[in-house]
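Colleague: CSV, C-alpha atoms, file run-v6.csv:
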```
chain,number,residue,atom,x,y,z
A,1466,MET,CA,0.0,0.0,0.0
A,1467,LYS,CA,1.4,3.3,-1.0
A,1468,ALA,CA,2.2,6.0,1.6
A,1469,GLY,CA,-0.5,8.7,1.7
A,1470,ALA,CA,-2.8,6.6,-0.5
A,1471,PHE,CA,-5.8,7.1,1.7
A,1472,VAL,CA,-5.6,10.9,2.2
A,1473,SER,CA,-8.9,11.0,0.2
A,1474,ILE,CA,-10.9,9.0,-2.3
A,1475,LEU,CA,-9.5,10.0,-5.7
A,1476,PHE,CA,-11.4,10.9,-8.8
A,1477,GLY,CA,-10.3,10.5,-12.4
A,1478,CYS,CA,-11.6,9.9,-15.9
A,1479,CYS,CA,-12.0,8.3,-17.5
A,1480,LEU,CA,4.9,17.1,-24.8
A,1481,PRO,CA,10.8,14.3,-26.7
A,1482,LEU,CA,8.3,15.5,-27.6
A,1483,LEU,CA,7.7,18.9,-26.1
A,1484,ALA,CA,11.0,20.7,-25.8
A,1485,ALA,CA,12.8,19.6,-22.7
A,1486,SER,CA,13.4,23.3,-21.9
A,1487,ALA,CA,9.7,23.7,-21.2
A,1488,GLU,CA,10.4,22.9,-17.5
A,1489,THR,CA,12.7,25.9,-17.1
A,1490,SER,CA,11.5,28.2,-19.8
A,1491,VAL,CA,10.8,31.7,-18.3
A,1492,SER,CA,8.3,32.2,-21.1
A,1493,ASP,CA,6.1,29.4,-19.8
A,1494,PRO,CA,3.9,30.8,-17.0
A,1495,TYR,CA,2.9,27.2,-15.9
A,1496,VAL,CA,6.4,26.1,-14.9
A,1497,GLU,CA,5.9,26.9,-11.3
A,1498,PRO,CA,2.4,25.4,-11.1
A,1499,ARG,CA,3.8,22.2,-12.6
A,1500,LEU,CA,6.7,22.0,-10.1
A,1501,ARG,CA,4.4,22.8,-7.2
A,1502,MET,CA,2.0,20.1,-8.5
A,1503,VAL,CA,4.7,17.5,-8.4
A,1504,ARG,CA,6.1,18.6,-5.0
A,1505,GLU,CA,2.8,18.9,-3.2
A,1506,GLN,CA,0.5,16.4,-4.9
A,1507,MET,CA,3.0,13.6,-5.8
A,1508,VAL,CA,6.1,13.6,-3.8
A,1509,ALA,CA,4.2,14.4,-0.6
A,1510,ARG,CA,1.9,11.4,-1.3
A,1511,GLY,CA,4.6,8.9,-1.9
A,1512,ILE,CA,5.4,8.9,-5.6
A,1513,THR,CA,9.1,8.1,-5.7
A,1514,ASP,CA,9.9,7.0,-9.3
A,1515,ALA,CA,12.3,9.7,-10.5
A,1516,SER,CA,11.4,9.2,-14.2
A,1517,VAL,CA,7.7,9.6,-13.5
A,1518,LEU,CA,8.3,12.7,-11.5
A,1519,ALA,CA,10.5,14.2,-14.2
A,1520,VAL,CA,7.8,13.5,-16.9
A,1521,MET,CA,5.1,15.1,-14.7
A,1522,LYS,CA,7.3,18.2,-14.5
A,1523,ARG,CA,7.6,18.4,-18.3
A,1524,VAL,CA,4.2,17.5,-19.8
A,1525,PRO,CA,2.1,20.7,-20.2
A,1526,ARG,CA,-1.2,19.6,-18.7
A,1527,HIS,CA,-2.8,23.0,-19.4
A,1528,LEU,CA,-2.6,22.3,-23.2
A,1529,PHE,CA,-4.8,19.2,-22.7
A,1530,VAL,CA,-7.8,21.1,-21.3
A,1531,SER,CA,-9.9,23.9,-22.7
A,1532,SER,CA,-8.3,27.4,-22.6
A,1533,MET,CA,-11.0,28.4,-20.1
A,1534,LEU,CA,-9.7,25.8,-17.7
A,1535,ALA,CA,-6.0,26.2,-18.2
A,1536,HIS,CA,-5.6,28.2,-15.0
A,1537,SER,CA,-6.9,25.2,-13.1
A,1538,ALA,CA,-5.0,22.5,-14.9
A,1539,TYR,CA,-2.5,21.8,-12.1
A,1540,GLY,CA,-5.0,21.7,-9.3
A,1541,ASP,CA,-5.5,18.6,-7.2
A,1542,PHE,CA,-8.7,17.5,-9.0
A,1543,PRO,CA,-10.0,16.2,-12.3
A,1544,LEU,CA,-11.4,18.6,-14.9
A,1545,PRO,CA,-14.2,18.2,-17.5
A,1546,ILE,CA,-13.2,17.6,-21.1
A,1547,GLY,CA,-16.6,17.2,-22.7
A,1548,GLU,CA,-18.9,14.2,-23.3
A,1549,ASN,CA,-19.3,13.7,-19.5
A,1550,GLN,CA,-15.7,12.7,-19.3
A,1551,THR,CA,-12.8,14.1,-17.3
A,1552,ILE,CA,-9.0,14.5,-17.3
A,1553,SER,CA,-7.8,12.6,-14.2
A,1554,GLN,CA,-6.5,14.2,-11.1
A,1555,PRO,CA,-2.7,14.7,-11.6
A,1556,TYR,CA,-1.7,12.5,-8.7
A,1557,LEU,CA,-3.8,9.6,-10.1
A,1558,VAL,CA,-2.1,10.0,-13.5
A,1559,ALA,CA,1.3,9.8,-11.7
A,1560,LEU,CA,0.3,6.9,-9.5
A,1561,MET,CA,-1.0,4.8,-12.4
A,1562,THR,CA,2.1,5.5,-14.4
A,1563,GLU,CA,4.4,4.5,-11.5
A,1564,LEU,CA,2.4,1.3,-10.9
A,1565,ALA,CA,2.9,0.4,-14.6
A,1566,GLN,CA,6.7,0.3,-14.1
A,1567,ILE,CA,7.2,1.3,-17.7
A,1568,ARG,CA,10.7,0.6,-19.1
A,1569,ARG,CA,12.3,2.0,-22.2
A,1570,GLY,CA,11.4,-0.4,-25.0
A,1571,ASP,CA,7.9,-1.2,-23.6
A,1572,LYS,CA,4.8,-1.4,-25.8
A,1573,VAL,CA,1.9,0.2,-24.0
A,1574,LEU,CA,-1.9,0.2,-24.7
A,1575,GLU,CA,-4.1,2.8,-23.1
A,1576,ILE,CA,-7.9,2.3,-23.0
A,1577,GLY,CA,-9.6,5.7,-22.9
A,1578,THR,CA,-7.6,8.4,-24.7
A,1579,GLY,CA,-9.7,11.2,-23.3
A,1580,SER,CA,-7.8,14.4,-23.5
A,1581,GLY,CA,-4.6,12.7,-24.5
A,1582,TYR,CA,-2.7,13.8,-21.4
A,1583,GLN,CA,-2.1,10.3,-20.0
A,1584,ALA,CA,-1.0,9.1,-23.4
A,1585,ALA,CA,1.5,11.9,-23.6
A,1586,VAL,CA,2.9,10.9,-20.2
A,1587,LEU,CA,3.2,7.3,-21.3
A,1588,ALA,CA,4.9,8.4,-24.6
A,1589,GLU,CA,7.7,10.0,-22.6
A,1590,LEU,CA,8.6,6.7,-21.0
A,1591,ALA,CA,7.7,3.9,-23.5
A,1592,GLU,CA,8.9,2.9,-26.9
A,1593,GLN,CA,5.4,2.6,-28.4
A,1594,VAL,CA,2.0,3.8,-27.2
A,1595,PHE,CA,-1.4,2.8,-28.6
A,1596,SER,CA,-4.5,4.5,-27.3
A,1597,ILE,CA,-8.2,3.8,-28.0
A,1598,GLU,CA,-11.1,6.2,-27.5
A,1599,ILE,CA,-14.7,5.2,-28.0
A,1600,LEU,CA,-16.1,8.8,-28.2
A,1601,LYS,CA,-15.3,10.2,-31.6
A,1602,SER,CA,-15.2,13.8,-30.7
A,1603,LEU,CA,-12.8,13.2,-27.8
A,1604,GLY,CA,-10.6,10.9,-29.9
A,1605,GLU,CA,-10.3,13.4,-32.8
A,1606,GLN,CA,-9.5,16.3,-30.4
A,1607,ALA,CA,-6.9,14.2,-28.6
A,1608,ARG,CA,-5.3,13.4,-31.9
A,1609,LYS,CA,-5.0,17.1,-32.7
A,1610,THR,CA,-3.6,17.9,-29.3
A,1611,LEU,CA,-1.1,15.1,-29.4
A,1612,ASP,CA,0.2,16.1,-32.8
A,1613,ALA,CA,0.3,19.8,-31.9
A,1614,THR,CA,2.3,19.2,-28.7
A,1615,GLY,CA,4.9,16.9,-30.2
A,1616,TYR,CA,3.5,13.5,-29.3
A,1617,GLY,CA,2.8,12.2,-32.8
A,1618,LYS,CA,4.4,8.9,-32.0
A,1619,VAL,CA,1.2,7.9,-30.1
A,1620,LYS,CA,-1.0,5.8,-32.3
A,1621,THR,CA,-4.7,6.4,-31.7
A,1622,ARG,CA,-8.0,4.9,-32.9
A,1623,ILE,CA,-11.7,5.3,-32.4
A,1624,GLY,CA,-13.3,2.2,-31.1
A,1625,ASP,CA,-14.4,0.0,-28.2
A,1626,GLY,CA,-11.4,-0.3,-25.8
A,1627,TYR,CA,-13.0,-3.3,-24.0
A,1628,ASN,CA,-11.7,-5.5,-26.8
A,1629,GLY,CA,-8.3,-4.0,-26.8
A,1630,TRP,CA,-6.1,-3.8,-30.0
A,1631,PRO,CA,-5.6,-7.4,-30.9
A,1632,GLU,CA,-3.6,-6.8,-34.1
A,1633,GLU,CA,-1.0,-5.0,-32.1
A,1634,ALA,CA,-0.9,-7.4,-29.1
A,1635,PRO,CA,0.8,-8.4,-27.0
A,1636,PHE,CA,1.6,-5.4,-24.8
A,1637,ASP,CA,4.0,-5.0,-21.9
A,1638,VAL,CA,1.6,-2.6,-20.2
A,1639,ILE,CA,-2.1,-1.9,-20.5
A,1640,LEU,CA,-3.5,1.1,-18.7
A,1641,VAL,CA,-7.3,1.7,-18.4
A,1642,THR,CA,-8.5,5.2,-17.6
A,1643,ALA,CA,-12.2,4.4,-17.0
A,1644,ALA,CA,-13.9,1.8,-14.8
A,1645,PRO,CA,-15.3,-1.5,-16.1
A,1646,ASP,CA,-17.4,-3.5,-13.6
A,1647,LYS,CA,-15.0,-6.4,-14.1
A,1648,VAL,CA,-11.6,-6.8,-15.8
A,1649,PRO,CA,-12.1,-7.3,-19.5
A,1650,ARG,CA,-10.8,-10.7,-20.5
A,1651,PRO,CA,-9.5,-9.5,-23.9
A,1652,LEU,CA,-7.1,-7.2,-22.1
A,1653,LEU,CA,-5.8,-10.1,-20.0
A,1654,GLU,CA,-5.3,-12.1,-23.1
A,1655,GLN,CA,-3.4,-9.3,-24.8
A,1656,LEU,CA,-1.0,-8.8,-21.9
A,1657,LYS,CA,2.5,-10.3,-22.3
A,1658,PRO,CA,3.8,-12.7,-19.7
A,1659,GLY,CA,5.5,-10.4,-17.2
A,1660,GLY,CA,3.2,-7.6,-18.2
A,1661,ARG,CA,1.2,-5.2,-16.0
A,1662,LEU,CA,-2.4,-4.1,-16.3
A,1663,ILE,CA,-3.5,-1.0,-14.3
A,1664,VAL,CA,-7.3,-0.7,-14.1
A,1665,PRO,CA,-10.0,0.7,-11.8
A,1666,VAL,CA,-12.6,-2.0,-11.3
A,1667,GLY,CA,-16.1,-1.7,-9.8
A,1668,ALA,CA,-19.7,-0.6,-10.4
A,1669,GLN,CA,-20.3,3.1,-11.0
A,1670,SER,CA,-22.6,3.2,-8.0
A,1671,SER,CA,-19.9,2.3,-5.6
A,1672,VAL,CA,-16.3,3.1,-4.7
A,1673,GLN,CA,-14.0,1.2,-7.1
A,1674,SER,CA,-10.6,-0.4,-6.6
A,1675,LEU,CA,-7.6,0.6,-8.5
A,1676,GLN,CA,-5.9,-2.7,-9.3
A,1677,ARG,CA,-2.5,-3.7,-10.6
A,1678,ILE,CA,-2.7,-7.0,-12.3
A,1679,ARG,CA,0.4,-9.0,-13.3
A,1680,LYS,CA,0.8,-11.9,-15.7
A,1681,THR,CA,3.6,-14.2,-14.5
A,1682,PRO,CA,6.0,-15.7,-17.0
A,1683,THR,CA,3.9,-18.9,-16.8
A,1684,GLY,CA,0.7,-17.0,-17.5
A,1685,GLN,CA,-0.8,-16.9,-14.0
A,1686,ILE,CA,-2.8,-13.8,-13.2
A,1687,VAL,CA,-2.0,-12.0,-9.9
A,1688,LYS,CA,-4.2,-9.1,-8.7
A,1689,GLU,CA,-3.3,-6.4,-6.2
A,1690,ASP,CA,-5.8,-3.8,-4.9
A,1691,VAL,CA,-4.0,-0.5,-4.5
A,1692,ILE,CA,-6.4,2.3,-3.4
A,1693,PRO,CA,-10.1,3.1,-3.6
A,1694,VAL,CA,-11.0,5.4,-6.5
A,1695,ARG,CA,-14.0,6.7,-8.4
A,1696,PHE,CA,-13.7,6.8,-12.2
A,1697,VAL,CA,-16.2,7.4,-14.9
A,1698,PRO,CA,-17.5,4.1,-16.3
A,1699,LEU,CA,-15.9,2.4,-19.2
A,1700,VAL,CA,-18.2,3.1,-22.2
A,1701,ARG,CA,-19.1,0.2,-24.4
A,1702,GLN,CA,-20.5,0.1,-27.9
A,1703,GLN,CA,-24.1,-0.9,-28.0
```
Let me see the file written as structure tokens.
Modeller:
Amino acid sequence: MKAGAFVSILFGCCLPLLAASAETSVSDPYVEPRLRMVREQMVARGITDASVLAVMKRVPRHLFVSSMLAHSAYGDFPLPIGENQTISQPYLVALMTELAQIRRGDKVLEIGTGSGYQAAVLAELAEQVFSIEILKSLGEQARKTLDATGYGKVKTRIGDGYNGWPEEAPFDVILVTAAPDKVPRPLLEQLKPGGRLIVPVGAQSSVQSLQRIRKTPTGQIVKEDVIPVRFVPLVRQQ
């Protein structure tokens, strides 16, 4: 169990990329809010992975929300992105990324592109990132934002993420940014031996559990409950 994990129930949804100098650029008014976000929301709650913390200092979260909400982008809460969806609380993005234990060379699948912010964070760490969004308007906007901010390496598609991306499987990491009522079997099948699946699980009417699921080299599934969370439900095609 991670230190500080139960400070509160967390809510969530569901750029090289941007020049590395963004963190220190005096022309970027959001440098200090990003650094404060990492210091007060992540380090203080037990996020310790240096690579994750470095990425969270770099990725310009304010460009993944509407201009009207940019001033709130680094606050300790989720924000609406349209279609009754949200961009996750910053701490939750960092925690899920840390739990995934992404290594350079990994192939990652994200279910629920949303704003594209989590995909951008993943793209800083992994060799390949694939992301699926079922809501067309969000998927198209995320594609534009990822391209505009230097994350064109992320491959996106519009579709039902419950079924994964079978033609690109298997994946070292699968990260789900919306809550199914149970773990989708196709995602377990598309996870490599030794892979990690990070997913909030539970009914929308109750507090869900953020789980880290590992597939052992022999194919055994090992589940770990991390913290209680509340995510928007995983949307399915009818």
Colleague: Could you name the residues that touch stretch 1619-1625 of chain A at 8 Å or less, counting all atoms listed in the file, but leaving out those on the same chain fewer than 6 positions away, as a short mmCIF file (atom, residue, chain, number, x, y, z; two decimals) with C-alpha atoms, keeping the file's coordinate frame?
Modeller:
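So selection05.cif came out as:
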```cif
data_model
loop_
_atom_site.label_atom_id
_atom_site.label_comp_id
_atom_site.auth_asym_id
_atom_site.auth_seq_id
_atom_site.Cartn_x
_atom_site.Cartn_y
_atom_site.Cartn_z
CA THR A 1578 -7.60 8.40 -24.70
CA ALA A 1584 -1.00 9.10 -23.40
CA ALA A 1585 1.50 11.90 -23.60
CA ALA A 1588 4.90 8.40 -24.60
CA GLN A 1593 5.40 2.60 -28.40
CA VAL A 1594 2.00 3.80 -27.20
CA PHE A 1595 -1.40 2.80 -28.60
CA SER A 1596 -4.50 4.50 -27.30
CA ILE A 1597 -8.20 3.80 -28.00
CA GLU A 1598 -11.10 6.20 -27.50
CA ILE A 1599 -14.70 5.20 -28.00
CA LEU A 1600 -16.10 8.80 -28.20
CA LYS A 1601 -15.30 10.20 -31.60
CA GLY A 1604 -10.60 10.90 -29.90
CA ARG A 1608 -5.30 13.40 -31.90
CA LEU A 1611 -1.10 15.10 -29.40
CA VAL A 1700 -18.20 3.10 -22.20
CA ARG A 1701 -19.10 0.20 -24.40
CA GLN A 1702 -20.50 0.10 -27.90
#
```
Colleague: For atom CA of A:Val1573 and atom CA of A:Leu1640, quote the distance in Å rounded to one decimal.
Modeller: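 It comes out at 7.6 Å.
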Colleague: Report, in Å to a single decimal, how far apart atom CA of A:Gln1606 and atom CA of A:Glu1497 are.
Modeller: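 Separation between atom CA of A:Glu1497 and atom CA of A:Gln1606: 26.7 Å.
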Colleague: Determine, counting only C-alpha atoms, which protein, DNA and RNA residues have an atom within 10 Å of an atom of A:Arg1526; residues of the same chain fewer than 2 positions away are not included. Present the result as a ChimeraX atom specification.
Modeller: /A:1480,1495,1499,1521-1524,1528-1530,1535,1537-1539,1552,1555,1580-1583,1585-1586
Colleague: Restricting the output to C-alpha atoms, write the selected residues as an mmCIF file, in the coordinates of the input.
Modeller:
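In the end it all went to result24.cif:
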```cif
data_model
loop_
_atom_site.group_PDB
_atom_site.id
_atom_site.type_symbol
_atom_site.label_atom_id
_atom_site.label_comp_id
_atom_site.auth_asym_id
_atom_site.auth_seq_id
_atom_site.Cartn_x
_atom_site.Cartn_y
_atom_site.Cartn_z
ATOM 1 C CA LEU A 1480 4.900 17.100 -24.800
ATOM 2 C CA TYR A 1495 2.900 27.200 -15.900
ATOM 3 C CA ARG A 1499 3.800 22.200 -12.600
ATOM 4 C CA MET A 1521 5.100 15.100 -14.700
ATOM 5 C CA LYS A 1522 7.300 18.200 -14.500
ATOM 6 C CA ARG A 1523 7.600 18.400 -18.300
ATOM 7 C CA VAL A 1524 4.200 17.500 -19.800
ATOM 8 C CA LEU A 1528 -2.600 22.300 -23.200
ATOM 9 C CA PHE A 1529 -4.800 19.200 -22.700
ATOM 10 C CA VAL A 1530 -7.800 21.100 -21.300
ATOM 11 C CA ALA A 1535 -6.000 26.200 -18.200
ATOM 12 C CA SER A 1537 -6.900 25.200 -13.100
ATOM 13 C CA ALA A 1538 -5.000 22.500 -14.900
ATOM 14 C CA TYR A 1539 -2.500 21.800 -12.100
ATOM 15 C CA ILE A 1552 -9.000 14.500 -17.300
ATOM 16 C CA PRO A 1555 -2.700 14.700 -11.600
ATOM 17 C CA SER A 1580 -7.800 14.400 -23.500
ATOM 18 C CA GLY A 1581 -4.600 12.700 -24.500
ATOM 19 C CA TYR A 1582 -2.700 13.800 -21.400
ATOM 20 C CA GLN A 1583 -2.100 10.300 -20.000
ATOM 21 C CA ALA A 1585 1.500 11.900 -23.600
ATOM 22 C CA VAL A 1586 2.900 10.900 -20.200
#
```
Colleague: Which is closest to A:Arg1679 among A:Gly1570, A:Lys1609, A:Ala1565, A:Leu1587, if we use only C-alpha atoms?
Modeller: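 Among the listed residues, the smallest separation from A:Arg1679 belongs to A:Ala1565.
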Colleague: Which residue gives the smallest distance to A:Gly1577 among A:Leu1675, A:Leu1557, A:Ala1607, A:Leu1656, with all atoms listed in the file counted?
Modeller: A:Ala1607
Colleague: Is it possible to get the residues within 10 Å of (-12.5, 12.1, -15.6) (coordinates as in the file, counting all atoms listed in the file) written as a JSON list (two decimals) with C-alpha atoms, in the frame of the given file?
Modeller:
```
[["chain", "number", "residue", "atom", "x", "y", "z"],
["A", 1476, "PHE", "CA", -11.40, 10.90, -8.80],
["A", 1477, "GLY", "CA", -10.30, 10.50, -12.40],
["A", 1478, "CYS", "CA", -11.60, 9.90, -15.90],
["A", 1479, "CYS", "CA", -12.00, 8.30, -17.50],
["A", 1542, "PHE", "CA", -8.70, 17.50, -9.00],
["A", 1543, "PRO", "CA", -10.00, 16.20, -12.30],
["A", 1544, "LEU", "CA", -11.40, 18.60, -14.90],
["A", 1545, "PRO", "CA", -14.20, 18.20, -17.50],
["A", 1546, "ILE", "CA", -13.20, 17.60, -21.10],
["A", 1547, "GLY", "CA", -16.60, 17.20, -22.70],
["A", 1549, "ASN", "CA", -19.30, 13.70, -19.50],
["A", 1550, "GLN", "CA", -15.70, 12.70, -19.30],
["A", 1551, "THR", "CA", -12.80, 14.10, -17.30],
["A", 1552, "ILE", "CA", -9.00, 14.50, -17.30],
["A", 1553, "SER", "CA", -7.80, 12.60, -14.20],
["A", 1554, "GLN", "CA", -6.50, 14.20, -11.10],
["A", 1579, "GLY", "CA", -9.70, 11.20, -23.30],
["A", 1580, "SER", "CA", -7.80, 14.40, -23.50],
["A", 1642, "THR", "CA", -8.50, 5.20, -17.60],
["A", 1643, "ALA", "CA", -12.20, 4.40, -17.00],
["A", 1695, "ARG", "CA", -14.00, 6.70, -8.40],
["A", 1696, "PHE", "CA", -13.70, 6.80, -12.20],
["A", 1697, "VAL", "CA", -16.20, 7.40, -14.90],
["A", 1698, "PRO", "CA", -17.50, 4.10, -16.30]]
```
Colleague: So, with all atoms listed in the file as the atoms that count, which of A:Ile1678, A:Leu1500, A:Ala1509, A:Leu1574 lies closest to A:Ala1634?
Modeller: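 Of all the options, A:Leu1574 lies closest to A:Ala1634.
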Colleague: Just how far from atom CA of A:Ser1671 is atom CA of A:Ile1576, in Å to one decimal?
Modeller: 21.1 Å
Colleague: Between A:Leu1699, A:Gly1660, A:Val1558, A:Asp1571, which residue has the minimum interatomic distance to A:Thr1683, considering all atoms listed in the file?
Modeller: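 Of the candidates, the smallest distance to A:Thr1683 is held by A:Gly1660.
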Colleague: Report as an NGL selection string all protein, DNA and RNA residues lying within 8 Å of A:Gln1673, evaluated on only C-alpha atoms, omitting residues in the same chain fewer than 6 positions from it.
Modeller: :A and (1644 or 1665-1667 or 1693-1696)
Colleague: Can I get the selection written as a compact mmCIF listing (two decimals), in the coordinates of the input, with C-alpha atoms?
Modeller:
```txt
# COMPACT_ATOMS: atom_id res chain seq x y z
CA ALA A 1644 -13.90 1.80 -14.80
CA PRO A 1665 -10.00 0.70 -11.80
CA VAL A 1666 -12.60 -2.00 -11.30
CA GLY A 1667 -16.10 -1.70 -9.80
CA PRO A 1693 -10.10 3.10 -3.60
CA VAL A 1694 -11.00 5.40 -6.50
CA ARG A 1695 -14.00 6.70 -8.40
CA PHE A 1696 -13.70 6.80 -12.20
```
Colleague: In terms of the shortest atom-to-atom distance over only C-alpha atoms, which of A:Asp1646, A:Glu1589, A:Glu1563, A:Glu1632 is closest to A:Arg1677?
Modeller: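 Of all the options, A:Glu1563 lies closest to A:Arg1677.
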